[in-house]
file data17.pdb (PDB, C-alpha atoms, pLDDT in the B column)
ATOM      1  CA  MET A  12       0.000   0.000   0.000  1.00 55.00           C
ATOM      2  CA  SER A  13       1.377   3.388  -0.967  1.00 60.00           C
ATOM      3  CA  VAL A  14       0.181   6.676   0.487  1.00 61.00           C
ATOM      4  CA  GLU A  15       0.291   9.945  -1.392  1.00 66.00           C
ATOM      5  CA  PHE A  16       0.092  13.241   0.492  1.00 62.00           C
ATOM      6  CA  LEU A  17       0.145  16.581  -1.318  1.00 66.00           C
ATOM      7  CA  GLY A  18       1.630  14.982  -4.415  1.00 63.00           C
ATOM      8  CA  VAL A  19       4.456  13.266  -2.513  1.00 64.00           C
ATOM      9  CA  SER A  20       4.365   9.494  -2.334  1.00 65.00           C
ATOM     10  CA  GLY A  21       5.346   7.559   0.776  1.00 61.00           C
ATOM     11  CA  PRO A  22       8.037   4.916   1.207  1.00 60.00           C
ATOM     12  CA  GLY A  23       6.056   2.249  -0.629  1.00 59.00           C
ATOM     13  CA  GLN A  24       5.357  -1.241   0.602  1.00 59.00           C
ATOM     14  CA  ILE A  25       7.124  -2.224   3.766  1.00 59.00           C
ATOM     15  CA  GLY A  26       8.243  -5.820   4.124  1.00 59.00           C
ATOM     16  CA  GLY A  27       7.708  -6.666   0.473  1.00 57.00           C
ATOM     17  CA  ILE A  28       8.657  -9.996  -1.042  1.00 57.00           C
ATOM     18  CA  LYS A  29      12.065 -10.127  -2.652  1.00 57.00           C
ATOM     19  CA  LYS A  30      12.417 -12.064  -5.870  1.00 58.00           C
ATOM     20  CA  ASN A  31      15.962 -13.262  -5.213  1.00 57.00           C
ATOM     21  CA  ASP A  32      15.214 -15.153  -1.973  1.00 51.00           C
ATOM     22  CA  LYS A  33      15.794 -18.501  -3.684  1.00 54.00           C
ATOM     23  CA  THR A  34      19.340 -17.646  -4.687  1.00 54.00           C
ATOM     24  CA  LEU A  35      20.173 -16.310  -1.223  1.00 53.00           C
ATOM     25  CA  SER A  36      18.832 -19.368   0.574  1.00 56.00           C
ATOM     26  CA  GLY A  37      21.005 -21.626  -1.590  1.00 56.00           C
ATOM     27  CA  LYS A  38      24.085 -19.594  -0.762  1.00 57.00           C
ATOM     28  CA  LYS A  39      23.257 -19.650   2.960  1.00 57.00           C
ATOM     29  CA  ALA A  40      22.990 -23.428   2.973  1.00 55.00           C
ATOM     30  CA  ASP A  41      26.380 -23.765   1.255  1.00 56.00           C
ATOM     31  CA  SER A  42      28.081 -21.454   3.745  1.00 54.00           C
ATOM     32  CA  ALA A  43      26.515 -23.290   6.695  1.00 53.00           C
ATOM     33  CA  GLN A  44      27.950 -26.568   5.465  1.00 63.00           C
ATOM     34  CA  ALA A  45      31.414 -25.017   5.175  1.00 69.00           C
ATOM     35  CA  GLY A  46      31.487 -24.409   8.950  1.00 78.00           C
ATOM     36  CA  ASP A  47      29.975 -21.910  11.287  1.00 84.00           C
ATOM     37  CA  GLN A  48      32.136 -19.312  12.984  1.00 81.00           C
ATOM     38  CA  VAL A  49      31.363 -17.002  15.867  1.00 76.00           C
ATOM     39  CA  GLN A  50      33.261 -13.803  16.584  1.00 73.00           C
ATOM     40  CA  PHE A  51      32.562 -11.593  19.578  1.00 72.00           C
ATOM     41  CA  SER A  52      33.097  -7.876  19.497  1.00 76.00           C
ATOM     42  CA  SER A  53      35.591  -6.158  21.747  1.00 79.00           C
ATOM     43  CA  VAL A  54      32.708  -4.582  23.676  1.00 80.00           C
ATOM     44  CA  LEU A  55      31.389  -8.009  24.623  1.00 78.00           C
ATOM     45  CA  GLN A  56      34.874  -9.068  25.677  1.00 79.00           C
ATOM     46  CA  ASP A  57      35.131  -5.955  27.869  1.00 81.00           C
ATOM     47  CA  VAL A  58      31.798  -6.809  29.482  1.00 80.00           C
ATOM     48  CA  ASN A  59      33.067 -10.309  30.195  1.00 76.00           C
ATOM     49  CA  LYS A  60      36.199  -8.881  31.832  1.00 79.00           C
ATOM     50  CA  ALA A  61      34.091  -6.513  33.915  1.00 76.00           C
ATOM     51  CA  GLN A  62      31.926  -9.362  35.148  1.00 73.00           C
ATOM     52  CA  SER A  63      34.979 -11.382  36.122  1.00 70.00           C
ATOM     53  CA  SER A  64      36.355  -8.446  38.096  1.00 70.00           C
ATOM     54  CA  SER A  65      33.046  -8.053  39.927  1.00 69.00           C
ATOM     55  CA  ASN A  66      34.431 -10.223  42.733  1.00 65.00           C
ATOM     56  CA  GLU A  67      36.932  -7.462  43.473  1.00 69.00           C
ATOM     57  CA  ASN A  68      34.166  -4.879  43.396  1.00 76.00           C
ATOM     58  CA  SER A  69      31.885  -6.863  45.702  1.00 82.00           C
ATOM     59  CA  ALA A  70      33.947  -5.901  48.763  1.00 82.00           C
ATOM     60  CA  ARG A  71      33.750  -2.268  47.699  1.00 85.00           C
ATOM     61  CA  ALA A  72      29.987  -2.564  47.163  1.00 87.00           C
ATOM     62  CA  GLU A  73      29.571  -4.011  50.668  1.00 90.00           C
ATOM     63  CA  ARG A  74      31.552  -1.112  52.131  1.00 90.00           C
ATOM     64  CA  VAL A  75      29.431   1.420  50.224  1.00 91.00           C
ATOM     65  CA  THR A  76      26.276  -0.254  51.511  1.00 93.00           C
ATOM     66  CA  GLU A  77      27.576  -0.043  55.080  1.00 94.00           C
ATOM     67  CA  LEU A  78      28.431   3.638  54.683  1.00 94.00           C
ATOM     68  CA  LYS A  79      25.008   4.414  53.191  1.00 95.00           C
ATOM     69  CA  ALA A  80      23.349   2.758  56.161  1.00 95.00           C
ATOM     70  CA  GLN A  81      25.501   4.762  58.578  1.00 95.00           C
ATOM     71  CA  VAL A  82      24.661   8.020  56.786  1.00 94.00           C
ATOM     72  CA  ALA A  83      20.963   7.140  56.802  1.00 95.00           C
ATOM     73  CA  ASP A  84      20.824   6.517  60.556  1.00 96.00           C
ATOM     74  CA  GLY A  85      23.136   9.424  61.416  1.00 94.00           C
ATOM     75  CA  SER A  86      25.963   7.369  62.901  1.00 95.00           C
ATOM     76  CA  TYR A  87      28.523   8.148  60.160  1.00 93.00           C
ATOM     77  CA  LYS A  88      31.406  10.158  61.571  1.00 92.00           C
ATOM     78  CA  PRO A  89      34.125  10.813  58.969  1.00 92.00           C
ATOM     79  CA  ASP A  90      37.715  11.498  60.014  1.00 94.00           C
ATOM     80  CA  LEU A  91      37.872  15.266  59.547  1.00 95.00           C
ATOM     81  CA  ASN A  92      41.673  15.288  59.315  1.00 96.00           C
ATOM     82  CA  LYS A  93      41.567  12.867  56.370  1.00 95.00           C
ATOM     83  CA  VAL A  94      38.853  14.910  54.685  1.00 94.00           C
ATOM     84  CA  ALA A  95      40.835  18.133  55.083  1.00 96.00           C
ATOM     85  CA  SER A  96      44.042  16.477  53.878  1.00 95.00           C
ATOM     86  CA  SER A  97      42.342  15.062  50.797  1.00 94.00           C
ATOM     87  CA  LEU A  98      40.692  18.394  50.046  1.00 94.00           C
ATOM     88  CA  LEU A  99      44.000  20.269  50.289  1.00 94.00           C
ATOM     89  CA  GLN A 100      45.722  17.698  48.096  1.00 94.00           C
ATOM     90  CA  PHE A 101      42.969  18.017  45.497  1.00 93.00           C
ATOM     91  CA  LEU A 102      43.195  21.814  45.512  1.00 93.00           C
ATOM     92  CA  MET A 103      47.002  21.741  45.141  1.00 92.00           C
ATOM     93  CA  GLU A 104      46.787  19.363  42.155  1.00 90.00           C
ATOM     94  CA  GLU A 105      44.297  21.643  40.369  1.00 80.00           C
ATOM     95  CA  LYS A 106      46.734  24.590  40.249  1.00 66.00           C
TER      96      LYS A 106
END

call {"tool": "encode", "arguments": {"input": "data17.pdb", "output": "C-alpha cells"}}
result
Amino acid sequence: MSVEFLGVSGPGQIGGIKKNDKTLSGKKADSAQAGDQVQFSSVLQDVNKAQSSSNENSARAERVTELKAQVADGSYKPDLNKVASSLLQFLMEEK
C-alpha cells in the first residue's frame, strides 16, 4: 500500500517480497555446510572482563552499603583530618 500526500508518495510497501530469496537461501545453505564461525566484538569481551572483576568490586559494594546505612541513621562520623588532607591535596593538584 502506498500513500500519497500533497503529491508526494510515501516509502512504498514495507516488508515486500524479494524475488531473489531462492538464490540467497542456496548460498546460505552452502556457507553453513562449510562451517559456522562465531566472533565476539571487543565490547562483549570488555563486558566479560568486567563481570569477572566483579568479585573485586563486591567488597567495595559491601563497604558502600555499610556507609550508606551509617549516613541514613546518622551514625557516620568521617575522620575530619583525612577529609581536610584530601581536600588540600585536590586543591594543590588543580593549580

call {"tool": "atom_distance", "arguments": {"input": "data17.pdb", "atom1": "atom CA of Arg74 of chain A", "atom2": "atom CA of Ser86 of chain A"}}
result
14.8 Å

call {"tool": "atom_distance", "arguments": {"input": "data17.pdb", "atom1": "atom CA of Met103 of chain A", "atom2": "atom CA of Lys88 of chain A"}}
result
25.4 Å

call {"tool": "atom_distance", "arguments": {"input": "data17.pdb", "atom1": "atom CA of Thr76 of chain A", "atom2": "atom CA of Gln100 of chain A"}}
result
26.7 Å

call {"tool": "axis_aligned_box", "arguments": {"input": "data17.pdb", "around": "segment 72-85 of chain A", "padding_each_side": "3 Å", "output": "lines of an AutoDock Vina configuration file"}}
result
center_x = 26.2
center_y = 2.7
center_z = 54.3
size_x = 16.7
size_y = 19.4
size_z = 20.3
